[in-house]
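A.B. asks: To start, I am sharing the structure in question, which I have written as structure tokens.
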Amino acid sequence: MKMRKSLDPNIRVRSYRSLIPAVLVAFLCVSGGGQTLESLSSAYSKAATPAHRAALLRYAAAHSRDANGALAYFAMARVESESGAHDAALNHLKSASARLPEITDYLAFIQGSTEYRAKAYENAARTLGKFAREFSTSPLRSDAAILAANALLELGDADGTIRLLRSPGLKPVQPQFDFLLGKAYMARGDHALAAPYLQRVAFRYPQRPEARDAQTLLGQVENTLGAAYPPPTAADLLGRAEALRANRRYDEARAALESVIPSLLGEDRERAELHIAVMEYDRERTSIARQMLESLSPKSPEVDAERLHYLVQCARRLKLEEPMLRYAKMARDRYPNSAWTMDAHRWAGNYYLLKNDVKAYVPLFKACADARPQDPESAYCHWKVAWAAYLGREAQAAALLEEHLARYPHSDKYAAALLFLGRLAEAQGSLAAARAYYEELLAVEPLSYYAALAQDSIGGRKLSGARPEPALAAKLAALRGKELREDFSNVKETPETARRLKRASLLSRVGMTDWVELELRSYETDRSQRQLLAMELAAVYAKDGDHFRALRTMKSMAPGYFRLRVDQAPKEFWHLLFPMPYAAPLAKYATTRNLDPHLVAGLIRQESEFRADAVSRAKARGLMQVLPSTGRSLTRKLKLGTYRVSMLDQPEVNINMGTYYLAHIAEAFDGRLEYVLASYNAGKSRADDWKTWGSFKEPIEFIETIPFTETREYVLSVYRNAMVYRQVYPDLASRAGKEGAVSLQPVAEKAPASRAKRAAPAKPSAKTSKRPAKRRKQ
């Protein structure tokens with residue numbers, strides 16, 4: 001059940017799309033009807049017909065002595081409150097309240113919102129004001145306060161509004177709180193106090209409807225105060241333009257900046273002039289942006305550093321190498337420690353990285369790292385320098401990798417640095433040191449492809465008798481930037497967690513899944529308890545088959561799971577994070593085509609997160625992200641009948657096509673998985689090019705050299721996913737009627753060369769960018 005509309009323009013609308021009712025569902029049947037409380041409540045919330053209402057009333061009557069009947073009244077009350085049947089809603093709340101002590105606050109909120117809708121403002125102010133004061137831990141407290149404040153303003157009680165919104169411990173929700181306080185101070189006649197609240201709304205939240213109302217009220221305030229009207233700050237004026245720019249409302253943003261420039265001085269004026277030019281860059285009017293940036297001569301070092309940064313960006317986009325390097329040098333010479341200088345060199349370095357011009361990009365990345373050596377953002381640049389040295393087999397490689405560990409303990413490449421230090425130690429015959437590096441890697445990031453390689457090395461004959469070097473092991477342990485994850489496979493619920501889960505269970509049984517999510521997500525607790533809440537909420541989705549939302553919930557509420565070993569968490573934890581909803585067709589098509597089914601599952605997890613109707617920016621569709629043009633070609637090849645784009649949303653069809661195409665790529669690359677995955681993500685021509693970029697001793701060296709961050713992380717993640725799937729679902733291959741493990745390196749079906757050529761469709765997705773993209777969520 002979702003809130004269909006807000007009670008007032010100032011109320012937050014909580015929209016949790018497609019939340020699935022299911023936590024701890026009790027199948028409670030209506031006498032003679034055979035329907036559950038959940039199904040009856042869901043039907044009534046979707047269509048408040050007399051028949052649906054009568055069915056719920058019969059259920060409530062049949063359960064008049066227990067909580068189930070009270071829940072039926074509760075469900076009816078919420079729907080009736082929103083649909084305008086206010087008296088019925090209040091009567092049903094009275095019938096429910098005595099038997100639902102666990103969720104008294106939710107009942108009180110419906111009561112107060114019903115009274116507000118009915119324009120019984122005095123009752124609403126009393127009910128909701130008491131709610132805001134007494135239910136200090138309720139996730140609805142701030143919403144109740146907003147609604148109570150509106151009721152108090154309707155009653156003309158400005159002082160009561162101000163006292164309520166300033167209640168101790170009440171978490172302000174913006175811009176609603178500031179808007180209501182501004183209105184309250186105006187109503188009290190304190191226009192000077194009202195002005196800053198309304199200005200914050202108007203200038204910081206220009207995209208919100210409250211901003212328009214705030215502007216209107218500010219006109220009244222200015223007329224009243226005259227010369228005493230406090231002018232908005234430069235930060236407010238610039239902030240409004242930046243908010244418009246962030247929402248791509250460029251014309252409005254430019255107009256806002258041009259209108260305030262005459263009133264600005266010094267650095268504020270220079271920044272406003274600069275950002276007018278930057279908006280031309282944002283709109284991809286790059287030549288115009290460059291001309292405008294060249295015409296500016298700001299005196300502020302910070303503004304000039306930003307100007308040079310965008311000049312580097314413009315030259316890079318226009319492929320003007322000499323000006324790009326000249327602007328970068330100017331930034332380096334003038335502002336060597338600026339964050340803008342650091343970022344300018346990162347972008348210039350990336351330009352040459354995509355060309356594999358090592359001599360050109362290493363100095364630029366080094367300047368980036370040296371500009372702000374303690375800034376975590378410079379870790380990317382430092383790693384590129386270290387990796388170039390390693391791949392070039394340079395003597396300084398070990399020192400740079402060690403420096404990376406010491407300087408960037410939170411780096412995404414921390415595990416990679418440990419792996420390659422271990423490789424260097426092995427090559428030098430320092431087996432005790434190698435063992436120390438590998439064991440530290442297994443400790444800090446056990447669920448990574450780097451860790452799998454380290455484990456293989458430890459299990460090999462070369463290191464079987466080696467023991468980690470004690471001094472080095474101690475040094476590495478001291479460098480750790482991330483705490484080791486603790487085993488929570490047997491963690492018990494705290495009393496508060498149990499209370500939250502009980503409340504969520506009651507809300508779920510009547511389909512109020514927007515409130516289920518609110519209840520569980522709003523609870524601030526330690527990691528282990530939050531992971532239990534994540535599992536409970538994810539199970540809501542998974543039970544109804546929405547594995548995409550289950551997986552997203554787990555990722556957002558239980559981050560850092562790749563620092564756990566599989567045996568450190570309950571099986572359900574891993575089943576929710578690594579679902580297997582289409583095991584039979586997945587195993588069938590994968591094993592038929594000599595593909596590792598765990599690998600295919602890992603690829604699907606990375607491509608679509610098991611959302612069968614997923615559509616990418618490139619219009620690739622379904623579980624394995626097949627392009628419509630690819631689907632058309634494969635429909636003929638696989639004799640699937642008349643082609644329709646909607647076929648790609650059918651899980652079995654999509655897996656059939658995707659595994660066929662994956663096997664075709666595997667044949668083209670002779671089963672070299674690192675090339676296959678890079679091709680699947682970025683296209684075969686790019687993978688063909690990248691594999692010539694070095695003399696790679698092992699697949700991980702190719703992977704680490706991939707210039708697109710998205711593709712590199714994609715390949716590493718699919719490897720990692722497959723590794724976890726093997727541990728969590730060891731019998732997957734047998735689900736297709738075949739026993740035994742399948743090779744990690746896929747080998748395509750044998751086909752005549754001409755047939756293979758005809759079957760080669762366009763690449764199934766195009767999710768790469770022309771520059772390294774942001775790191776994907778893991």
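Chain labels run A, B, ... following the order of the structure tokens; each chain numbers its residues from 1, and ligands are numbered from 1 in the order shown.
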Give me, as number ranges by chain, all polymer residues having an atom no more than 9 Å from A:Tyr589, counting only C-alpha atoms and skipping those fewer than 2 positions away in the same chain.

C.D. replies: A: 584-587, 591-595, 597, 655-656, 659-660, 736

A.B. asks: Take the residues from that selection and write them out as a short mmCIF file (atom, residue, chain, number, x, y, z; two decimals), in the first residue's frame, keeping N, CA, C and O atoms.

C.D. replies:
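And here's part_23.cif as it stands now:
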```
data_model
loop_
_atom_site.label_atom_id
_atom_site.label_comp_id
_atom_site.auth_asym_id
_atom_site.auth_seq_id
_atom_site.Cartn_x
_atom_site.Cartn_y
_atom_site.Cartn_z
N ALA A 584 17.58 -23.42 -13.25
CA ALA A 584 17.43 -24.49 -14.24
C ALA A 584 17.81 -24.04 -15.65
O ALA A 584 18.66 -24.67 -16.30
N PRO A 585 17.20 -22.97 -16.19
CA PRO A 585 17.61 -22.56 -17.55
C PRO A 585 19.06 -22.08 -17.60
O PRO A 585 19.75 -22.31 -18.60
N LEU A 586 19.51 -21.44 -16.54
CA LEU A 586 20.90 -20.97 -16.52
C LEU A 586 21.86 -22.15 -16.62
O LEU A 586 22.78 -22.15 -17.45
N ALA A 587 21.65 -23.14 -15.78
CA ALA A 587 22.54 -24.32 -15.80
C ALA A 587 22.40 -25.07 -17.13
O ALA A 587 23.39 -25.55 -17.69
N THR A 591 25.81 -25.14 -19.41
CA THR A 591 26.53 -26.40 -19.54
C THR A 591 26.44 -26.96 -20.96
O THR A 591 27.39 -27.57 -21.45
N THR A 592 25.29 -26.72 -21.63
CA THR A 592 25.17 -27.17 -23.01
C THR A 592 26.24 -26.52 -23.88
O THR A 592 26.75 -27.13 -24.83
N ARG A 593 26.58 -25.28 -23.55
CA ARG A 593 27.55 -24.54 -24.37
C ARG A 593 28.93 -24.50 -23.74
O ARG A 593 29.76 -23.66 -24.08
N ASN A 594 29.17 -25.41 -22.80
CA ASN A 594 30.48 -25.52 -22.16
C ASN A 594 30.92 -24.24 -21.45
O ASN A 594 32.09 -23.90 -21.42
N LEU A 595 29.94 -23.55 -20.90
CA LEU A 595 30.22 -22.37 -20.09
C LEU A 595 30.05 -22.73 -18.63
O LEU A 595 29.21 -23.56 -18.27
N PRO A 597 28.41 -22.36 -15.36
CA PRO A 597 27.15 -21.73 -14.95
C PRO A 597 27.35 -20.70 -13.83
O PRO A 597 26.60 -19.72 -13.74
N ILE A 655 18.53 -15.72 -21.43
CA ILE A 655 19.68 -16.56 -21.05
C ILE A 655 20.12 -17.42 -22.23
O ILE A 655 21.32 -17.61 -22.46
N ASN A 656 19.17 -17.92 -22.99
CA ASN A 656 19.49 -18.70 -24.19
C ASN A 656 20.33 -17.86 -25.15
O ASN A 656 21.40 -18.28 -25.61
N THR A 659 23.90 -16.67 -23.44
CA THR A 659 24.93 -17.70 -23.35
C THR A 659 25.44 -18.11 -24.73
O THR A 659 26.62 -18.41 -24.90
N TYR A 660 24.54 -18.08 -25.73
CA TYR A 660 24.99 -18.38 -27.09
C TYR A 660 26.02 -17.34 -27.54
O TYR A 660 27.07 -17.67 -28.09
N ALA A 736 21.06 -28.84 -14.18
CA ALA A 736 20.75 -29.05 -15.60
C ALA A 736 20.87 -30.53 -15.96
O ALA A 736 20.88 -30.89 -17.12
#
```

A.B. asks: What lies within 9 Å of stretch 47-56 of chain A using only C-alpha atoms, ignoring chain neighbours under 3 positions off, as an MDAnalysis selection string?

C.D. replies: chainID A and resid 30 33 37 40:44 59:61 69 72:73 75:76 79:80 83

A.B. asks: Could you save the residues just selected, with C-alpha atoms, as a PDB file, in the first residue's frame?

C.D. replies:
```pdb
ATOM      1  CA  VAL A  30     -11.275 -15.273   5.831  1.00  0.00           C
ATOM      2  CA  GLY A  33     -13.229 -17.110   1.568  1.00  0.00           C
ATOM      3  CA  LEU A  37      -5.240 -10.714   5.205  1.00  0.00           C
ATOM      4  CA  LEU A  40      -7.463  -8.586   1.059  1.00  0.00           C
ATOM      5  CA  SER A  41      -5.585  -5.493   2.209  1.00  0.00           C
ATOM      6  CA  SER A  42      -3.663  -5.250  -1.045  1.00  0.00           C
ATOM      7  CA  ALA A  43      -6.849  -5.524  -3.105  1.00  0.00           C
ATOM      8  CA  TYR A  44      -8.563  -2.779  -1.085  1.00  0.00           C
ATOM      9  CA  TYR A  59     -12.327 -10.747   7.936  1.00  0.00           C
ATOM     10  CA  ALA A  60     -12.203  -8.232  10.806  1.00  0.00           C
ATOM     11  CA  ALA A  61     -15.436  -9.604  12.250  1.00  0.00           C
ATOM     12  CA  GLY A  69      -8.877  -8.268  13.004  1.00  0.00           C
ATOM     13  CA  ALA A  72      -7.768  -5.359   8.958  1.00  0.00           C
ATOM     14  CA  TYR A  73      -9.339  -2.236  10.503  1.00  0.00           C
ATOM     15  CA  ALA A  75      -5.603  -1.280   6.652  1.00  0.00           C
ATOM     16  CA  MET A  76      -9.082   0.045   5.962  1.00  0.00           C
ATOM     17  CA  VAL A  79      -7.135   3.699   2.607  1.00  0.00           C
ATOM     18  CA  GLU A  80     -10.259   5.499   3.806  1.00  0.00           C
ATOM     19  CA  SER A  83      -9.818   8.498  -0.155  1.00  0.00           C
TER      20      SER A  83
END
```

A.B. asks: Could you name the residues that touch A:Arg316 at 9 Å or less, counting only C-alpha atoms, but leaving out those on the same chain fewer than 6 positions away, as an MDAnalysis selection string?

C.D. replies: chainID A and resid 323:324 347:348 351

A.B. asks: How about saving the chosen residues, all heavy atoms kept, as a compact mmCIF listing (two decimals), in the first residue's frame?

C.D. replies:
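And here is the file that came out, part10.txt:
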```txt
# COMPACT_ATOMS: atom_id res chain seq x y z
N PRO A 323 47.57 22.73 -26.25
CA PRO A 323 46.93 23.60 -25.27
C PRO A 323 46.59 22.87 -23.96
O PRO A 323 46.73 23.45 -22.88
CB PRO A 323 45.66 24.07 -25.98
CG PRO A 323 45.96 23.92 -27.42
CD PRO A 323 46.84 22.73 -27.53
N MET A 324 46.17 21.61 -24.06
CA MET A 324 45.84 20.86 -22.84
C MET A 324 47.06 20.78 -21.92
O MET A 324 46.96 21.02 -20.72
CB MET A 324 45.37 19.45 -23.21
CG MET A 324 45.02 18.58 -22.01
SD MET A 324 44.48 16.91 -22.49
CE MET A 324 46.04 16.22 -23.06
N TRP A 347 42.62 14.24 -15.55
CA TRP A 347 41.93 14.19 -16.83
C TRP A 347 42.92 14.19 -18.00
O TRP A 347 42.72 13.49 -19.00
CB TRP A 347 40.96 15.37 -16.95
CG TRP A 347 39.72 15.15 -16.17
CD1 TRP A 347 39.36 15.76 -15.00
CD2 TRP A 347 38.68 14.23 -16.47
NE1 TRP A 347 38.16 15.29 -14.56
CE2 TRP A 347 37.71 14.34 -15.45
CE3 TRP A 347 38.47 13.33 -17.50
CZ2 TRP A 347 36.54 13.58 -15.44
CZ3 TRP A 347 37.31 12.57 -17.49
CH2 TRP A 347 36.36 12.70 -16.47
N ALA A 348 43.97 14.99 -17.88
CA ALA A 348 44.98 14.99 -18.95
C ALA A 348 45.66 13.63 -19.04
O ALA A 348 45.93 13.12 -20.14
CB ALA A 348 46.00 16.09 -18.69
N TYR A 351 43.56 11.14 -20.87
CA TYR A 351 43.58 11.33 -22.32
C TYR A 351 44.63 10.42 -22.96
O TYR A 351 44.37 9.75 -23.97
CB TYR A 351 43.87 12.80 -22.64
CG TYR A 351 43.98 13.11 -24.11
CD1 TYR A 351 42.83 13.39 -24.86
CD2 TYR A 351 45.21 13.12 -24.77
CE1 TYR A 351 42.92 13.67 -26.22
CE2 TYR A 351 45.31 13.40 -26.11
CZ TYR A 351 44.16 13.67 -26.84
OH TYR A 351 44.26 13.94 -28.18
```

A.B. asks: Write out as an MDAnalysis selection string each polymer residue whose atoms come within 9 Å of stretch 518-522 of chain A, counting only C-alpha atoms; drop sequence neighbours fewer than 6 positions from it.

C.D. replies: chainID A and resid 14 16 138:140 497 500:501 503:504 530 533:534 536:537 557

A.B. asks: Which value, in Å to one decimal, gives the distance between atom CA of A:Glu321 and atom CA of A:Ala289?

C.D. replies: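 Between these atoms lies a distance of 17.0 Å.
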
A.B. asks: Please provide the set of residues having any atom within 12 Å of A:Ala542, restricted to only C-alpha atoms, with same-chain residues fewer than 6 positions apart removed, written as a PyMOL selection string.

C.D. replies: chain A and resi 19-23+534-536+548-554+572-573+575-581+610-611

A.B. asks: Excluding A:Ala315 and residues on its chain fewer than 5 positions from it, collect all residues at most 9 Å away from it, counting only C-alpha atoms, and give them as a PyMOL selection string.

C.D. replies: chain A and resi 286-287+290+310+320-325+327

A.B. asks: Could you check how far atom CA of A:Met624 sits from atom CA of A:Gly658, in Å to one decimal?

C.D. replies: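 Result for atom CA of A:Met624 versus atom CA of A:Gly658: 5.6 Å, one decimal.
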
A.B. asks: Distance atom CA of A:Leu732-atom CA of A:Ala583, one decimal place?

C.D. replies: 7.1 Å

A.B. asks: Considering only C-alpha atoms, can you say which of A:Ala331, A:Ala399, A:Ala452, A:Leu257 comes closest to A:Pro301?

C.D. replies: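 Counting only C-alpha atoms, the residue closest to A:Pro301 is A:Ala331.
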
A.B. asks: Using only C-alpha atoms, determine which residues lie at most 7 Å from A:Ala722, disregarding the query and same-chain residues fewer than 3 positions distant; provide the list as a list in words.

C.D. replies: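 Near neighbours after the sequence-gap exclusion: His598, Leu599, Ala601, Gly602, Val718, Tyr719, Tyr725 and Arg726 of chain A.
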
A.B. asks: Restricting it to N, CA, C and O atoms, dump the selection as a tab-separated table (two decimals), in the first residue's frame.

C.D. replies:
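The resulting again-v2.tsv:
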```
chain	number	residue	atom	x	y	z
A	598	HIS	N	28.36	-20.91	-12.99
A	598	HIS	CA	28.64	-19.92	-11.94
A	598	HIS	C	29.12	-18.61	-12.56
A	598	HIS	O	28.79	-17.52	-12.08
A	599	LEU	N	29.89	-18.74	-13.64
A	599	LEU	CA	30.34	-17.55	-14.35
A	599	LEU	C	29.16	-16.82	-14.97
A	599	LEU	O	29.06	-15.58	-14.88
A	601	ALA	N	26.07	-16.87	-14.00
A	601	ALA	CA	25.32	-16.24	-12.90
A	601	ALA	C	26.02	-14.96	-12.46
A	601	ALA	O	25.37	-13.93	-12.20
A	602	GLY	N	27.34	-15.01	-12.36
A	602	GLY	CA	28.10	-13.83	-11.96
A	602	GLY	C	27.99	-12.71	-12.96
A	602	GLY	O	27.94	-11.53	-12.60
A	718	VAL	N	32.82	-9.81	-12.14
A	718	VAL	CA	32.28	-11.08	-12.64
A	718	VAL	C	33.12	-12.25	-12.14
A	718	VAL	O	32.59	-13.28	-11.72
A	719	TYR	N	34.44	-12.10	-12.16
A	719	TYR	CA	35.32	-13.12	-11.57
A	719	TYR	C	34.95	-13.35	-10.11
A	719	TYR	O	34.82	-14.49	-9.65
A	725	TYR	N	29.57	-17.58	-6.16
A	725	TYR	CA	28.52	-18.52	-6.59
A	725	TYR	C	28.98	-19.97	-6.46
A	725	TYR	O	28.19	-20.85	-6.11
A	726	ARG	N	30.26	-20.23	-6.73
A	726	ARG	CA	30.76	-21.61	-6.57
A	726	ARG	C	30.67	-22.07	-5.13
A	726	ARG	O	30.38	-23.23	-4.85
```

A.B. asks: Residues of stretch 69-311 of chain A in alpha helix (DSSP H) according to DSSP, as a PyMOL selection string?

C.D. replies: chain A and resi 69-83+86-97+104-117+121-134+141-154+158-165+176-188+191-204+209-225+234-246+250-260+266-282+286-295+301-311

A.B. asks: Restricting the calculation to only C-alpha atoms, which member of A:Gly683, A:Ala678, A:Tyr352, A:Ala733 is positioned closest to A:Thr711?

C.D. replies: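 Of the candidates, the smallest distance to A:Thr711 is held by A:Ala678.
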